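Before any comments, here is the structure.
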Amino acid sequence: QVQLVESGGGLAQPGGSLRLSCAPSRNLFNIYLMGWYHQAPGKQRELVATITNGGRTNYADSVKGRFTISRDNAKNIVYLQMDSLKPEDTAVYYCNAKTVTSYEYWGQGTQVTVSS
């Protein structure tokens with residue numbers, strides 16, 4: 001069974017940066033959309049950013065101008081560069097991959113904590 005494996009989470013100070021990475025445990029095919037979601041305690045999982053295999057990006061308003069999503073199409077690796085972090089960015093961040101037939105893969109999540 002294919003898994004998405006996230007890395008790069010941890011503790012950062014307000015105003016700091018973190019870079020998340022997500023790679024599949026084995027080759028994936030026909031992946032159209034990859035992205036990141038986050039879920040804070042007591043809240044629903046929310047979209048952070050997505051990127052198509054053509055490079056089109058979409059961001060939540062709360063992260064526009066601070067976060068950058070990128071992707072290695074050949075390896076189906078997706079990255080999230082998070083700059084100017086705020087305490088409200090604290091959440092578990094999940095990687096997502098969606099095929100052209102809308103089948104979805106999810107990662108196990110990585111904790112991001114922004115605190116001084």
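Scheme for the structure tokens: letters A, B, ... for chains in order shown; per-chain residue numbers from 1; ligand numbers from 1 in order shown.
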Taking the DSSP secondary structure from the backbone, can you list the residues of chain A that are helix (DSSP H, G or I), as a PDB file with N, CA, C and O atoms, in the first residue's frame?
ATOM      1  N   ASP A  61      -6.135  31.998   1.837  1.00  0.00           N
ATOM      2  CA  ASP A  61      -5.861  33.424   2.032  1.00  0.00           C
ATOM      3  C   ASP A  61      -4.915  33.668   3.194  1.00  0.00           C
ATOM      4  O   ASP A  61      -4.099  34.594   3.161  1.00  0.00           O
ATOM      5  N   SER A  62      -5.012  32.830   4.212  1.00  0.00           N
ATOM      6  CA  SER A  62      -4.225  33.043   5.431  1.00  0.00           C
ATOM      7  C   SER A  62      -2.726  32.838   5.224  1.00  0.00           C
ATOM      8  O   SER A  62      -1.921  33.276   6.051  1.00  0.00           O
ATOM      9  N   VAL A  63      -2.336  32.175   4.134  1.00  0.00           N
ATOM     10  CA  VAL A  63      -0.904  31.887   3.920  1.00  0.00           C
ATOM     11  C   VAL A  63      -0.348  32.562   2.672  1.00  0.00           C
ATOM     12  O   VAL A  63       0.854  32.467   2.412  1.00  0.00           O
ATOM     13  N   PRO A  87       1.946  32.121  15.192  1.00  0.00           N
ATOM     14  CA  PRO A  87       1.425  31.102  16.129  1.00  0.00           C
ATOM     15  C   PRO A  87       0.174  30.404  15.604  1.00  0.00           C
ATOM     16  O   PRO A  87      -0.016  29.202  15.859  1.00  0.00           O
ATOM     17  N   GLU A  88      -0.643  31.110  14.850  1.00  0.00           N
ATOM     18  CA  GLU A  88      -1.872  30.489  14.325  1.00  0.00           C
ATOM     19  C   GLU A  88      -1.607  29.486  13.201  1.00  0.00           C
ATOM     20  O   GLU A  88      -2.537  28.814  12.738  1.00  0.00           O
ATOM     21  N   ASP A  89      -0.356  29.381  12.763  1.00  0.00           N
ATOM     22  CA  ASP A  89       0.002  28.331  11.796  1.00  0.00           C
ATOM     23  C   ASP A  89       0.214  26.987  12.487  1.00  0.00           C
ATOM     24  O   ASP A  89       0.383  25.965  11.822  1.00  0.00           O
TER      25      ASP A  89
END
DSSP on the backbone: what in chain A comes out strand (DSSP E), as a PyMOL selection string?
chain A and resi 4-7+10-12+18-24+31-39+46-52+57-59+67-72+77-82+91-99+104-106+110-114
Selected residue, from A:Gly10, A:Gly109, A:Thr52, A:Pro24, that lies nearest to Gln39 in chain A when counting only C-alpha atoms:
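Of all the options, A:Gly109 lies closest to Gln39 in chain A.
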Extract, using only C-alpha atoms, all DNA, RNA and protein residues at most 12 Å from range 54-58 of chain A, discarding same-chain residues fewer than 4 positions from it, and format them as a list of chain:residue names.
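The neighbour list is A:Ile31, A:Tyr32, A:Leu33, A:Met34, A:Gly35, A:Trp36, A:Tyr37, A:Leu47, A:Val48, A:Ala49, A:Thr50, A:Ser62, A:Val63, A:Lys64, A:Gly65, A:Phe67, A:Thr68, A:Ile69, A:Ser70, A:Arg71, A:Asp72, A:Asn73, A:Val78, A:Leu80.
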If you keep C-alpha atoms, can you produce a file of those selected residues as an mmCIF file, in the first residue's frame?
data_model
loop_
_atom_site.group_PDB
_atom_site.id
_atom_site.type_symbol
_atom_site.label_atom_id
_atom_site.label_comp_id
_atom_site.auth_asym_id
_atom_site.auth_seq_id
_atom_site.Cartn_x
_atom_site.Cartn_y
_atom_site.Cartn_z
ATOM 1 C CA ILE A 31 -1.072 12.166 -10.059
ATOM 2 C CA TYR A 32 -2.814 15.389 -11.034
ATOM 3 C CA LEU A 33 -2.942 17.415 -7.856
ATOM 4 C CA MET A 34 -0.706 17.506 -4.798
ATOM 5 C CA GLY A 35 -1.145 19.672 -1.780
ATOM 6 C CA TRP A 36 -0.960 20.409 1.897
ATOM 7 C CA TYR A 37 -3.739 20.630 4.473
ATOM 8 C CA LEU A 47 -6.584 23.409 2.702
ATOM 9 C CA VAL A 48 -3.259 25.232 2.853
ATOM 10 C CA ALA A 49 -1.998 25.016 -0.730
ATOM 11 C CA THR A 50 -2.252 22.857 -3.828
ATOM 12 C CA SER A 62 -4.225 33.043 5.431
ATOM 13 C CA VAL A 63 -0.904 31.887 3.920
ATOM 14 C CA LYS A 64 -0.706 33.900 0.687
ATOM 15 C CA GLY A 65 2.592 35.718 0.445
ATOM 16 C CA PHE A 67 4.013 30.032 2.043
ATOM 17 C CA THR A 68 5.244 28.608 -1.258
ATOM 18 C CA ILE A 69 4.306 25.210 -2.633
ATOM 19 C CA SER A 70 6.465 23.443 -5.209
ATOM 20 C CA ARG A 71 6.656 20.025 -6.765
ATOM 21 C CA ASP A 72 8.970 17.531 -8.429
ATOM 22 C CA ASN A 73 6.666 15.952 -11.011
ATOM 23 C CA VAL A 78 5.804 18.129 -2.963
ATOM 24 C CA LEU A 80 5.910 23.604 1.366
#
I'd like the neighbourhood of Lys43 in chain A as a ChimeraX atom specification, where a residue qualifies if any of its atoms comes within 12 Å (using only C-alpha atoms), though same-chain residues fewer than 6 positions away should be ignored.
/A:90-92
From CA of Leu4 in chain A to CA of Asn96 in chain A the spacing works out at 7.7 Å
